[in-house]
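Asker: What follows is the file run24.txt, containing compact mmCIF, C-alpha atoms and all ligand atoms:
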# COMPACT_ATOMS: atom_id res chain seq x y z
CA MET A 25 5.17 24.27 -27.71
CA MET A 26 5.62 21.87 -24.87
CA GLN A 27 5.71 23.61 -21.51
CA SER A 28 8.80 23.27 -19.41
CA ILE A 29 8.93 20.52 -16.85
CA GLN A 30 9.50 23.15 -14.13
CA ASN A 31 6.12 24.64 -15.03
CA GLU A 32 4.56 21.21 -14.73
CA TYR A 33 5.95 20.80 -11.22
CA ARG A 34 4.53 24.20 -10.28
CA GLN A 35 1.11 23.25 -11.64
CA ARG A 36 1.08 19.91 -9.85
CA LEU A 37 2.05 21.58 -6.59
CA GLY A 38 -0.65 24.17 -7.18
CA ARG A 39 -3.32 21.47 -7.52
CA LEU A 40 -2.05 19.75 -4.40
CA ARG A 41 -2.13 23.04 -2.49
CA ARG A 42 -5.78 23.56 -3.37
CA ARG A 43 -6.52 20.17 -1.85
CA LEU A 44 -4.39 21.02 1.17
CA GLY A 45 -6.31 24.27 1.61
CA GLU A 46 -9.67 22.49 1.43
CA SER A 47 -8.55 19.92 3.99
CA GLY A 48 -7.57 22.49 6.60
CA ALA A 49 -4.15 20.89 7.11
CA SER A 50 -1.14 23.19 7.17
CA ALA A 51 1.32 20.82 5.50
CA LEU A 52 1.41 17.62 3.47
CA VAL A 53 4.37 15.32 4.08
CA VAL A 54 5.21 13.38 0.91
CA THR A 55 7.37 10.31 1.54
CA HIS A 56 6.76 8.00 -1.45
CA SER A 57 9.61 8.52 -3.94
CA PRO A 58 7.49 8.31 -7.16
CA ASN A 59 5.26 11.01 -5.66
CA ILE A 60 8.27 13.16 -4.75
CA PHE A 61 9.59 12.71 -8.29
CA TYR A 62 6.20 13.65 -9.73
CA LEU A 63 6.06 16.87 -7.73
CA SER A 64 9.69 17.97 -7.83
CA GLY A 65 11.77 15.91 -10.25
CA PHE A 66 13.93 14.70 -7.34
CA LEU A 67 15.12 11.14 -7.91
CA GLY A 68 17.04 10.25 -4.74
CA SER A 69 16.22 7.30 -2.52
CA ALA A 70 16.09 9.42 0.65
CA GLY A 71 13.92 12.49 0.68
CA ILE A 72 10.84 14.02 2.24
CA LEU A 73 8.88 16.77 0.55
CA ALA A 74 6.91 19.14 2.77
CA VAL A 75 4.22 21.01 0.88
CA GLU A 76 2.77 24.04 2.66
CA ALA A 77 0.46 26.82 1.50
CA ASP A 78 3.25 29.19 0.55
CA ARG A 79 6.35 27.08 0.14
CA THR A 80 7.64 23.61 -0.71
CA THR A 81 10.71 22.17 0.96
CA LEU A 82 12.70 19.09 0.00
CA LEU A 83 14.60 17.56 2.90
CA THR A 84 17.28 15.13 1.83
CA ASP A 85 20.72 14.02 2.93
CA GLY A 86 24.22 15.08 1.98
CA ARG A 87 24.62 12.39 -0.69
CA TYR A 88 22.02 14.18 -2.78
CA MET A 89 23.19 17.75 -2.23
CA THR A 90 24.24 18.52 -5.81
CA GLN A 91 21.60 16.37 -7.48
CA SER A 92 18.71 17.76 -5.46
CA ARG A 93 19.72 21.39 -6.02
CA GLU A 94 20.03 20.78 -9.75
CA GLN A 95 16.72 18.98 -9.98
CA ALA A 96 14.90 21.63 -7.95
CA ARG A 97 16.24 24.54 -10.01
CA GLY A 98 13.44 26.63 -11.52
CA THR A 99 10.72 24.86 -9.54
CA GLY A 100 10.62 27.23 -6.58
CA ILE A 101 11.31 24.27 -4.27
CA ARG A 102 13.77 24.92 -1.44
CA VAL A 103 16.29 22.19 -0.66
CA GLN A 104 17.43 21.57 2.90
CA ILE A 105 20.20 19.17 3.89
CA PRO A 106 19.69 18.68 7.62
CA GLN A 107 22.34 17.28 9.95
CA ALA A 108 19.82 15.14 11.83
CA PRO A 109 18.36 11.90 10.43
CA ILE A 110 15.74 12.81 7.87
CA LEU A 111 12.59 11.76 9.76
CA ARG A 112 13.66 13.63 12.86
CA ALA A 113 14.60 16.67 10.76
CA ALA A 114 11.22 16.57 8.99
CA GLY A 115 9.37 16.37 12.30
CA GLU A 116 11.30 19.34 13.68
CA PHE A 117 10.75 21.25 10.45
CA LEU A 118 6.98 20.75 10.71
CA ALA A 119 6.92 21.83 14.34
CA ALA A 120 8.89 24.99 13.56
CA GLY A 121 6.60 26.01 10.68
CA LYS A 122 5.24 29.50 10.74
CA GLY A 123 1.57 30.40 10.84
CA ARG A 124 -0.95 28.98 13.25
CA SER A 125 0.31 27.92 16.63
CA ARG A 126 -1.16 24.45 16.33
CA ARG A 127 -0.18 22.78 13.08
CA VAL A 128 -1.87 19.94 11.26
CA ALA A 129 0.31 17.70 9.09
CA ALA A 130 -1.30 15.46 6.49
CA PHE A 131 0.49 12.21 5.60
CA ASP A 132 -0.34 9.15 3.48
CA PRO A 133 -0.53 6.05 5.70
CA ASP A 134 0.00 3.87 2.61
CA HIS A 135 3.54 5.22 2.34
CA LEU A 136 4.72 5.60 5.91
CA THR A 137 5.50 2.70 8.22
CA VAL A 138 4.25 2.80 11.78
CA ALA A 139 7.86 3.17 12.95
CA ALA A 140 8.60 6.07 10.61
CA LYS A 141 5.37 7.84 11.53
CA GLY A 142 6.27 7.42 15.21
CA GLU A 143 9.68 8.97 14.66
CA LEU A 144 8.20 11.93 12.76
CA ALA A 145 5.54 12.50 15.41
CA ARG A 146 8.04 12.27 18.28
CA ALA A 147 10.30 14.85 16.64
CA ALA A 148 7.38 17.15 15.86
CA GLY A 149 6.07 16.96 19.40
CA ARG A 150 2.76 18.31 20.62
CA ALA A 151 2.76 21.33 18.30
CA VAL A 152 1.71 19.11 15.39
CA SER A 153 -1.35 16.92 15.00
CA TRP A 154 -1.68 14.40 12.19
CA VAL A 155 -4.37 13.58 9.64
CA ALA A 156 -4.44 10.82 7.03
CA ALA A 157 -4.36 11.89 3.39
CA HIS A 158 -4.87 8.76 1.31
CA GLY A 159 -3.64 8.92 -2.27
CA TRP A 160 -3.73 12.69 -2.79
CA VAL A 161 -0.75 12.65 -5.15
CA GLU A 162 -1.78 9.38 -6.78
CA GLU A 163 -5.11 10.98 -7.69
CA LEU A 164 -3.28 13.76 -9.52
CA ARG A 165 -1.07 11.21 -11.26
CA ILE A 166 -4.09 9.46 -12.85
CA ILE A 167 -4.37 12.20 -15.48
CA LYS A 168 -1.23 12.42 -17.57
CA SER A 169 0.17 15.59 -19.13
CA PRO A 170 0.94 15.56 -22.87
CA ALA A 171 4.64 15.22 -22.00
CA GLU A 172 3.93 12.20 -19.79
CA LEU A 173 1.79 10.60 -22.51
CA ALA A 174 4.67 10.99 -24.95
CA LYS A 175 7.01 9.23 -22.49
CA ILE A 176 4.62 6.35 -21.84
CA ARG A 177 4.06 5.99 -25.60
CA ALA A 178 7.83 5.76 -26.10
CA ALA A 179 8.14 3.15 -23.32
CA ALA A 180 5.30 1.17 -24.94
CA ARG A 181 6.95 1.32 -28.37
CA LEU A 182 10.21 0.16 -26.86
CA ILE A 183 8.66 -2.85 -25.13
CA SER A 184 6.70 -3.73 -28.29
CA GLU A 185 9.99 -3.85 -30.17
CA VAL A 186 11.58 -6.01 -27.46
CA CYS A 187 8.58 -8.34 -27.40
CA GLY A 188 8.78 -8.82 -31.17
CA GLN A 189 12.49 -9.64 -30.92
CA VAL A 190 12.05 -12.11 -28.07
CA ILE A 191 9.22 -13.92 -29.87
CA GLN A 192 11.73 -14.53 -32.71
CA MET A 193 13.90 -16.44 -30.24
CA ILE A 194 11.19 -18.80 -29.04
CA ARG A 195 11.90 -22.41 -29.97
CA PRO A 196 11.89 -25.79 -28.23
CA GLY A 197 14.91 -26.20 -25.91
CA VAL A 198 15.31 -22.54 -24.93
CA THR A 199 14.84 -21.94 -21.19
CA GLU A 200 12.46 -19.41 -19.68
CA ILE A 201 15.43 -17.67 -18.06
CA ASP A 202 17.22 -17.38 -21.43
CA LEU A 203 14.24 -15.55 -22.87
CA ALA A 204 13.84 -13.32 -19.80
CA ALA A 205 17.54 -12.41 -19.92
CA GLU A 206 17.28 -11.58 -23.63
CA ALA A 207 14.25 -9.40 -22.93
CA ASP A 208 16.03 -7.48 -20.16
CA TYR A 209 19.19 -7.09 -22.26
CA ARG A 210 17.26 -5.79 -25.25
CA MET A 211 15.37 -3.28 -23.13
CA ARG A 212 18.68 -1.83 -21.99
CA LYS A 213 20.13 -1.88 -25.49
CA LEU A 214 17.15 0.14 -26.71
CA GLY A 215 17.72 2.75 -24.02
CA ALA A 216 15.46 1.67 -21.16
CA GLU A 217 16.56 2.29 -17.57
CA GLY A 218 15.50 -1.31 -16.92
CA PRO A 219 12.45 -3.54 -16.62
CA SER A 220 9.41 -2.01 -14.89
CA PHE A 221 8.84 -5.32 -13.04
CA GLU A 222 10.52 -8.71 -12.99
CA THR A 223 10.12 -10.09 -16.51
CA ILE A 224 7.68 -12.99 -16.70
CA VAL A 225 8.30 -15.91 -19.07
CA ALA A 226 6.06 -18.87 -18.30
CA SER A 227 5.70 -21.96 -20.46
CA GLY A 228 3.55 -25.06 -20.42
CA TRP A 229 1.79 -25.79 -17.14
CA ARG A 230 3.69 -22.88 -15.57
CA ALA A 231 1.78 -20.50 -17.85
CA ALA A 232 -1.22 -21.24 -15.64
CA LEU A 233 0.47 -19.15 -12.92
CA PRO A 234 -0.31 -15.48 -13.65
CA HIS A 235 2.87 -14.25 -11.93
CA ALA A 236 5.33 -17.03 -12.64
CA ARG A 237 9.02 -16.15 -12.29
CA PRO A 238 11.17 -17.50 -15.12
CA THR A 239 12.91 -20.80 -14.35
CA THR A 240 15.40 -23.11 -16.01
CA LYS A 241 12.49 -25.01 -17.53
CA ARG A 242 13.05 -25.59 -21.25
CA LEU A 243 10.34 -24.80 -23.77
CA ARG A 244 8.83 -27.90 -25.29
CA ARG A 245 6.61 -28.55 -28.26
CA ASN A 246 2.88 -28.23 -27.76
CA GLU A 247 2.74 -25.67 -25.03
CA PHE A 248 1.84 -22.03 -24.56
CA VAL A 249 4.48 -19.44 -23.66
CA VAL A 250 3.39 -16.26 -21.86
CA LEU A 251 5.73 -13.25 -22.10
CA ASP A 252 4.82 -10.39 -19.76
CA LEU A 253 7.31 -7.56 -20.19
CA GLY A 254 7.62 -3.93 -19.19
CA ALA A 255 10.31 -1.28 -19.50
CA ILE A 256 11.04 2.01 -17.78
CA LEU A 257 12.02 4.75 -20.19
CA ALA A 258 12.61 8.34 -19.03
CA GLY A 259 10.99 7.40 -15.73
CA TYR A 260 7.75 6.00 -17.21
CA CYS A 261 6.59 2.40 -17.37
CA SER A 262 5.15 0.13 -20.02
CA ASP A 263 3.59 -3.30 -19.46
CA MET A 264 2.51 -5.80 -22.09
CA THR A 265 1.82 -9.51 -22.52
CA ARG A 266 1.78 -11.80 -25.52
CA THR A 267 1.08 -15.52 -25.56
CA VAL A 268 2.36 -17.76 -28.36
CA TYR A 269 2.16 -21.50 -28.97
CA VAL A 270 5.15 -23.74 -29.54
CA GLY A 271 4.11 -26.40 -32.05
CA SER A 272 0.67 -26.66 -33.61
CA ALA A 273 -2.29 -26.18 -31.33
CA SER A 274 -5.42 -28.29 -31.12
CA LYS A 275 -8.73 -26.80 -32.20
CA ARG A 276 -9.70 -26.52 -28.54
CA LEU A 277 -6.61 -24.47 -27.58
CA LYS A 278 -6.99 -22.26 -30.66
CA GLY A 279 -10.55 -21.64 -29.54
CA TRP A 280 -9.35 -20.60 -26.08
CA TYR A 281 -6.89 -18.14 -27.61
CA ARG A 282 -9.58 -16.65 -29.85
CA ALA A 283 -11.84 -16.25 -26.82
CA VAL A 284 -9.18 -14.35 -24.86
CA LEU A 285 -8.39 -12.18 -27.88
CA GLU A 286 -12.07 -11.39 -28.33
CA ALA A 287 -12.40 -10.60 -24.60
CA GLN A 288 -9.37 -8.32 -24.79
CA GLN A 289 -10.76 -6.49 -27.83
CA ALA A 290 -14.14 -6.11 -26.09
CA ALA A 291 -12.42 -4.70 -23.00
CA ARG A 292 -10.37 -2.25 -25.08
CA ASP A 293 -13.56 -1.18 -26.88
CA ALA A 294 -15.21 -0.57 -23.49
CA VAL A 295 -12.63 2.05 -22.54
CA ALA A 296 -14.16 5.47 -23.17
CA VAL A 297 -14.36 8.86 -21.49
CA GLY A 298 -17.40 8.81 -19.20
CA ALA A 299 -17.62 4.99 -18.98
CA THR A 300 -17.01 3.44 -15.56
CA THR A 301 -13.61 1.90 -14.91
CA GLY A 302 -15.47 -1.35 -14.18
CA ARG A 303 -16.82 -1.55 -17.72
CA PRO A 304 -13.80 -3.15 -19.49
CA ASP A 305 -13.76 -5.89 -16.85
CA ALA A 306 -17.46 -6.55 -17.34
CA ALA A 307 -16.97 -6.64 -21.12
CA ALA A 308 -14.08 -9.13 -20.93
CA ARG A 309 -15.95 -11.35 -18.47
CA ALA A 310 -19.09 -11.38 -20.62
CA VAL A 311 -17.10 -12.68 -23.61
CA LEU A 312 -15.26 -15.35 -21.60
CA ASP A 313 -18.49 -16.42 -19.86
CA GLY A 314 -20.02 -16.83 -23.32
CA TYR A 315 -17.32 -19.41 -24.12
CA GLY A 316 -17.69 -21.10 -20.74
CA LEU A 317 -14.22 -19.84 -19.75
CA GLY A 318 -15.18 -17.13 -17.23
CA GLY A 319 -14.18 -19.32 -14.30
CA TYR A 320 -10.57 -19.36 -15.53
CA PHE A 321 -10.27 -15.56 -15.53
CA ILE A 322 -8.94 -15.13 -12.00
CA HIS A 323 -7.61 -11.57 -11.85
CA SER A 324 -8.84 -8.10 -12.70
CA THR A 325 -8.73 -6.66 -16.21
CA GLY A 326 -6.13 -3.94 -15.80
CA HIS A 327 -4.55 -1.06 -13.95
CA GLY A 328 -3.28 2.44 -14.43
CA LEU A 329 0.26 2.94 -15.72
CA GLY A 330 2.74 5.80 -15.35
CA LEU A 331 5.63 6.44 -13.01
CA GLU A 332 4.72 3.11 -11.43
CA VAL A 333 3.72 -0.04 -13.24
CA HIS A 334 0.65 -0.49 -11.06
CA GLU A 335 -1.15 2.71 -10.21
CA ALA A 336 -4.67 4.08 -10.10
CA PRO A 337 -7.21 3.43 -11.48
CA ARG A 338 -7.93 -0.26 -10.93
CA LEU A 339 -9.93 -1.82 -13.75
CA ALA A 340 -11.71 -4.41 -11.66
CA LYS A 341 -15.18 -5.77 -11.26
CA GLY A 342 -17.68 -3.18 -10.08
CA GLN A 343 -15.31 -0.18 -10.10
CA LYS A 344 -17.41 2.97 -10.20
CA GLY A 345 -14.81 5.59 -11.14
CA GLN A 346 -15.01 7.12 -14.59
CA PHE A 347 -12.54 7.26 -17.43
CA GLU A 348 -11.26 10.75 -18.10
CA PRO A 349 -9.13 12.07 -20.93
CA ARG A 350 -5.39 11.36 -20.61
CA MET A 351 -5.61 8.34 -18.38
CA VAL A 352 -3.39 5.39 -19.36
CA VAL A 353 -4.45 1.86 -18.44
CA THR A 354 -3.55 -1.72 -19.24
CA ILE A 355 -6.10 -4.17 -20.62
CA GLU A 356 -5.07 -7.72 -19.78
CA PRO A 357 -7.69 -10.43 -19.50
CA GLY A 358 -6.40 -14.00 -19.35
CA ILE A 359 -7.38 -17.56 -18.59
CA TYR A 360 -5.42 -20.02 -16.44
CA VAL A 361 -6.13 -23.72 -16.60
CA GLU A 362 -4.29 -25.77 -14.03
CA GLY A 363 -2.12 -28.49 -15.54
CA VAL A 364 -2.65 -27.16 -19.08
CA GLY A 365 -1.40 -23.59 -19.30
CA GLY A 366 -2.50 -20.02 -19.58
CA ILE A 367 -3.22 -17.30 -22.10
CA ARG A 368 -3.01 -13.57 -21.44
CA ILE A 369 -2.97 -10.64 -23.86
CA GLU A 370 -2.09 -7.23 -22.47
CA ASP A 371 -1.88 -3.82 -24.07
CA ASP A 372 -1.44 -0.25 -22.84
CA VAL A 373 -4.26 2.08 -23.78
CA ALA A 374 -4.38 5.89 -23.59
CA VAL A 375 -7.79 7.51 -23.20
CA TYR A 376 -8.79 10.68 -25.06
CA GLU A 377 -12.04 12.57 -25.62
CA GLY A 378 -13.97 10.42 -28.11
CA LYS A 379 -11.18 7.91 -28.81
CA THR A 380 -8.46 5.68 -27.41
CA GLU A 381 -4.95 4.84 -28.55
CA THR A 382 -3.42 1.41 -28.08
CA LEU A 383 0.22 2.21 -27.35
CA THR A 384 1.67 -1.31 -27.56
CA THR A 385 1.95 -2.42 -31.15
CA THR A 386 3.10 -6.08 -31.27
CA PRO A 387 0.60 -8.19 -33.32
CA ARG A 388 -1.97 -10.15 -31.32
CA GLU A 389 -2.93 -12.81 -33.87
CA PHE A 390 -2.48 -16.42 -32.76
CA LEU A 391 1.10 -17.41 -33.44
CA GLU A 392 2.37 -21.00 -33.71
CA ILE A 393 6.13 -21.40 -33.67
ZN ZN B 1 1.92 -7.23 -17.45
ZN ZN B 2 -0.24 -5.31 -16.12
What would the structure in this file look like if it were written as structure tokens?

Answerer:
Amino acid sequence: MMQSIQNEYRQRLGRLRRRLGESGASALVVTHSPNIFYLSGFLGSAGILAVEADRTTLLTDGRYMTQSREQARGTGIRVQIPQAPILRAAGEFLAAGKGRSRRVAAFDPDHLTVAAKGELARAAGRAVSWVAAHGWVEELRIIKSPAELAKIRAAARLISEVCGQVIQMIRPGVTEIDLAAEADYRMRKLGAEGPSFETIVASGWRAALPHARPTTKRLRRNEFVVLDLGAILAGYCSDMTRTVYVGSASKRLKGWYRAVLEAQQAARDAVAVGATTGRPDAAARAVLDGYGLGGYFIHSTGHGLGLEVHEAPRLAKGQKGQFEPRMVVTIEPGIYVEGVGGIRIEDDVAVYEGKTETLTTTPREFLEI
């Protein structure tokens, strides 16, 4: 039986508390909303979660009174709706905390602006000193629970379906924006909350730009089209890319596509529990180098995927972390040739003991339309 989500929040907070205890800090201030959601289920845009050894408190504002109380039910998290602005209230809350006279608050500098940190510290006053806690929650988020894996799998299935439908609509004369709009519309129709990033449709020479925004450019014969799509479903992201050819490709371009496909397969095969997170990148680069195309592969091979579309781990050159069961990563090598176009193939891969599961299911074979 799947455990209740409230139990998951309790477990996540428990793991975070162990880390807090080891660090010697008396409280961790969580300000990044995906992290707050991960720990408490709270989905508002304004909130601060204070995690202490014996209690967890969500500070939010009046707009979220009902929502926050509902979402916190059964988690043991106390909700406070302060009158003061939230940063000031959080600072005062930390200063008033029980226990030791001098309190140490841990915060993540990646998620707090200098101005916000200043406001917190001013309100807390001299009773509180501050220590940096980089990525504590993100490190927990790397390993997905079975329930999270099921949600990411569903988001991946959804985007695979959308990708298949949008590929059907590719023909000369259609604009990039038309295709992007169709993709976004279909995500919603299939139940997604929305795209997990701004949909990328890039054709012809524009496909040589890895992060091209869709334009009014019309698709023409004899060019590549790159579709990079992701959806958010039940809070979790998917992210996939397919590249198709409009017209009939030359032998040379077909060869390029085969090389990228082979590199992507090699990178997916290199994902395994115990292997370093740099290994898929090395595998993809070795294949592309073998075809003399390594110089056109100008980004890293992938990234973690979950509540955010880009999260830990990074699958880049030389990364020394190790794959562990229940990580989810993207595998997305590509080549970008200025003036000609680009090819990228991206799938979402879940890691298990002794095996992997490719969650995105749209075919990868070279497709001429
Ligand atoms: Zn992507
Ligand atoms: Zn990606």

Asker: List as a PDB file with C-alpha atoms, in the frame of the given file the protein and nucleic acid residues lying within 10 Å of ligand ZN 1 (chain B), with only C-alpha atoms and all ligand atoms counted.

Answerer:
ATOM      1  CA  SER A 220       9.410  -2.010 -14.890  1.00  0.00           C
ATOM      2  CA  PHE A 221       8.840  -5.320 -13.040  1.00  0.00           C
ATOM      3  CA  GLU A 222      10.520  -8.710 -12.990  1.00  0.00           C
ATOM      4  CA  THR A 223      10.120 -10.090 -16.510  1.00  0.00           C
ATOM      5  CA  ILE A 224       7.680 -12.990 -16.700  1.00  0.00           C
ATOM      6  CA  PRO A 234      -0.310 -15.480 -13.650  1.00  0.00           C
ATOM      7  CA  HIS A 235       2.870 -14.250 -11.930  1.00  0.00           C
ATOM      8  CA  LEU A 251       5.730 -13.250 -22.100  1.00  0.00           C
ATOM      9  CA  ASP A 252       4.820 -10.390 -19.760  1.00  0.00           C
ATOM     10  CA  LEU A 253       7.310  -7.560 -20.190  1.00  0.00           C
ATOM     11  CA  GLY A 254       7.620  -3.930 -19.190  1.00  0.00           C
ATOM     12  CA  SER A 262       5.150   0.130 -20.020  1.00  0.00           C
ATOM     13  CA  ASP A 263       3.590  -3.300 -19.460  1.00  0.00           C
ATOM     14  CA  MET A 264       2.510  -5.800 -22.090  1.00  0.00           C
ATOM     15  CA  THR A 265       1.820  -9.510 -22.520  1.00  0.00           C
ATOM     16  CA  ARG A 266       1.780 -11.800 -25.520  1.00  0.00           C
ATOM     17  CA  GLY A 326      -6.130  -3.940 -15.800  1.00  0.00           C
ATOM     18  CA  HIS A 327      -4.550  -1.060 -13.950  1.00  0.00           C
ATOM     19  CA  VAL A 333       3.720  -0.040 -13.240  1.00  0.00           C
ATOM     20  CA  HIS A 334       0.650  -0.490 -11.060  1.00  0.00           C
ATOM     21  CA  THR A 354      -3.550  -1.720 -19.240  1.00  0.00           C
ATOM     22  CA  ILE A 355      -6.100  -4.170 -20.620  1.00  0.00           C
ATOM     23  CA  GLU A 356      -5.070  -7.720 -19.780  1.00  0.00           C
ATOM     24  CA  ARG A 368      -3.010 -13.570 -21.440  1.00  0.00           C
ATOM     25  CA  ILE A 369      -2.970 -10.640 -23.860  1.00  0.00           C
ATOM     26  CA  GLU A 370      -2.090  -7.230 -22.470  1.00  0.00           C
ATOM     27  CA  ASP A 371      -1.880  -3.820 -24.070  1.00  0.00           C
ATOM     28  CA  ASP A 372      -1.440  -0.250 -22.840  1.00  0.00           C
TER      29      ASP A 372
END

Asker: Counting all atoms listed in the file, which residues have an atom no more than 12 Å from (-7.7, 5.4, -26.7) in the file's coordinates? Please list them as a ChimeraX atom specification.

Answerer: /A:173,177,291-297,347-355,371-384

Asker: My list of candidates is A:Lys344, A:Arg338, A:Arg43, A:Arg388. Which is closest to ligand ZN 2 (chain B) when distances are computed with all atoms listed in the file?

Answerer: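 Closest to ligand ZN 2 (chain B), using all atoms listed in the file: A:Arg338.
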
Asker: What is the atom CA of Leu329 of chain A to atom CA of Glu76 of chain A distance in Å?

Answerer: 28.1 Å

Asker: Extending 5 Å beyond the listed atoms of segment 100-113 of chain A on each side, what axis-aligned box results? I want centre and edge lengths in Å to one decimal, as AutoDock Vina command-line options.

Answerer:
--center_x 16.5 --center_y 19.5 --center_z 3.1 --size_x 21.7 --size_y 25.5 --size_z 29.4

Asker: Please, can segment 107-122 of chain A be completed to N, CA, C and O atoms and returned as a JSON list (two decimals), in the frame of the given file?

Answerer:
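File written: rebuild12.json
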[["chain", "number", "residue", "atom", "x", "y", "z"],
["A", 107, "GLN", "N", 21.33, 18.12, 9.31],
["A", 107, "GLN", "CA", 22.34, 17.28, 9.95],
["A", 107, "GLN", "C", 21.69, 16.04, 10.57],
["A", 107, "GLN", "O", 22.25, 14.95, 10.55],
["A", 108, "ALA", "N", 20.51, 16.23, 11.13],
["A", 108, "ALA", "CA", 19.82, 15.14, 11.83],
["A", 108, "ALA", "C", 19.30, 14.11, 10.83],
["A", 108, "ALA", "O", 19.17, 14.41, 9.64],
["A", 109, "PRO", "N", 19.02, 12.88, 11.30],
["A", 109, "PRO", "CA", 18.36, 11.90, 10.43],
["A", 109, "PRO", "C", 17.08, 12.50, 9.84],
["A", 109, "PRO", "O", 16.42, 13.32, 10.51],
["A", 110, "ILE", "N", 16.73, 12.07, 8.65],
["A", 110, "ILE", "CA", 15.74, 12.81, 7.87],
["A", 110, "ILE", "C", 14.35, 12.85, 8.51],
["A", 110, "ILE", "O", 13.67, 13.88, 8.45],
["A", 111, "LEU", "N", 13.93, 11.76, 9.15],
["A", 111, "LEU", "CA", 12.59, 11.76, 9.76],
["A", 111, "LEU", "C", 12.55, 12.74, 10.93],
["A", 111, "LEU", "O", 11.58, 13.48, 11.10],
["A", 112, "ARG", "N", 13.63, 12.72, 11.72],
["A", 112, "ARG", "CA", 13.66, 13.63, 12.86],
["A", 112, "ARG", "C", 13.68, 15.08, 12.35],
["A", 112, "ARG", "O", 12.94, 15.94, 12.85],
["A", 113, "ALA", "N", 14.51, 15.31, 11.32],
["A", 113, "ALA", "CA", 14.60, 16.67, 10.76],
["A", 113, "ALA", "C", 13.24, 17.12, 10.22],
["A", 113, "ALA", "O", 12.84, 18.27, 10.41],
["A", 114, "ALA", "N", 12.53, 16.20, 9.56],
["A", 114, "ALA", "CA", 11.22, 16.57, 8.99],
["A", 114, "ALA", "C", 10.23, 16.89, 10.10],
["A", 114, "ALA", "O", 9.46, 17.85, 10.00],
["A", 115, "GLY", "N", 10.26, 16.11, 11.17],
["A", 115, "GLY", "CA", 9.37, 16.37, 12.30],
["A", 115, "GLY", "C", 9.65, 17.74, 12.91],
["A", 115, "GLY", "O", 8.73, 18.52, 13.16],
["A", 116, "GLU", "N", 10.93, 18.04, 13.09],
["A", 116, "GLU", "CA", 11.30, 19.34, 13.68],
["A", 116, "GLU", "C", 10.93, 20.48, 12.73],
["A", 116, "GLU", "O", 10.45, 21.54, 13.17],
["A", 117, "PHE", "N", 11.11, 20.24, 11.45],
["A", 117, "PHE", "CA", 10.75, 21.25, 10.45],
["A", 117, "PHE", "C", 9.25, 21.58, 10.54],
["A", 117, "PHE", "O", 8.84, 22.74, 10.53],
["A", 118, "LEU", "N", 8.44, 20.54, 10.65],
["A", 118, "LEU", "CA", 6.98, 20.75, 10.71],
["A", 118, "LEU", "C", 6.59, 21.51, 11.97],
["A", 118, "LEU", "O", 5.72, 22.37, 11.94],
["A", 119, "ALA", "N", 7.25, 21.17, 13.06],
["A", 119, "ALA", "CA", 6.92, 21.83, 14.34],
["A", 119, "ALA", "C", 7.31, 23.30, 14.31],
["A", 119, "ALA", "O", 6.64, 24.14, 14.92],
["A", 120, "ALA", "N", 8.38, 23.61, 13.58],
["A", 120, "ALA", "CA", 8.89, 24.99, 13.56],
["A", 120, "ALA", "C", 8.16, 25.86, 12.56],
["A", 120, "ALA", "O", 8.41, 27.06, 12.47],
["A", 121, "GLY", "N", 7.26, 25.27, 11.76],
["A", 121, "GLY", "CA", 6.60, 26.01, 10.68],
["A", 121, "GLY", "C", 5.90, 27.25, 11.19],
["A", 121, "GLY", "O", 5.42, 27.29, 12.31],
["A", 122, "LYS", "N", 5.89, 28.26, 10.32],
["A", 122, "LYS", "CA", 5.24, 29.50, 10.74],
["A", 122, "LYS", "C", 3.72, 29.35, 10.64],
["A", 122, "LYS", "O", 3.21, 28.30, 10.26]]
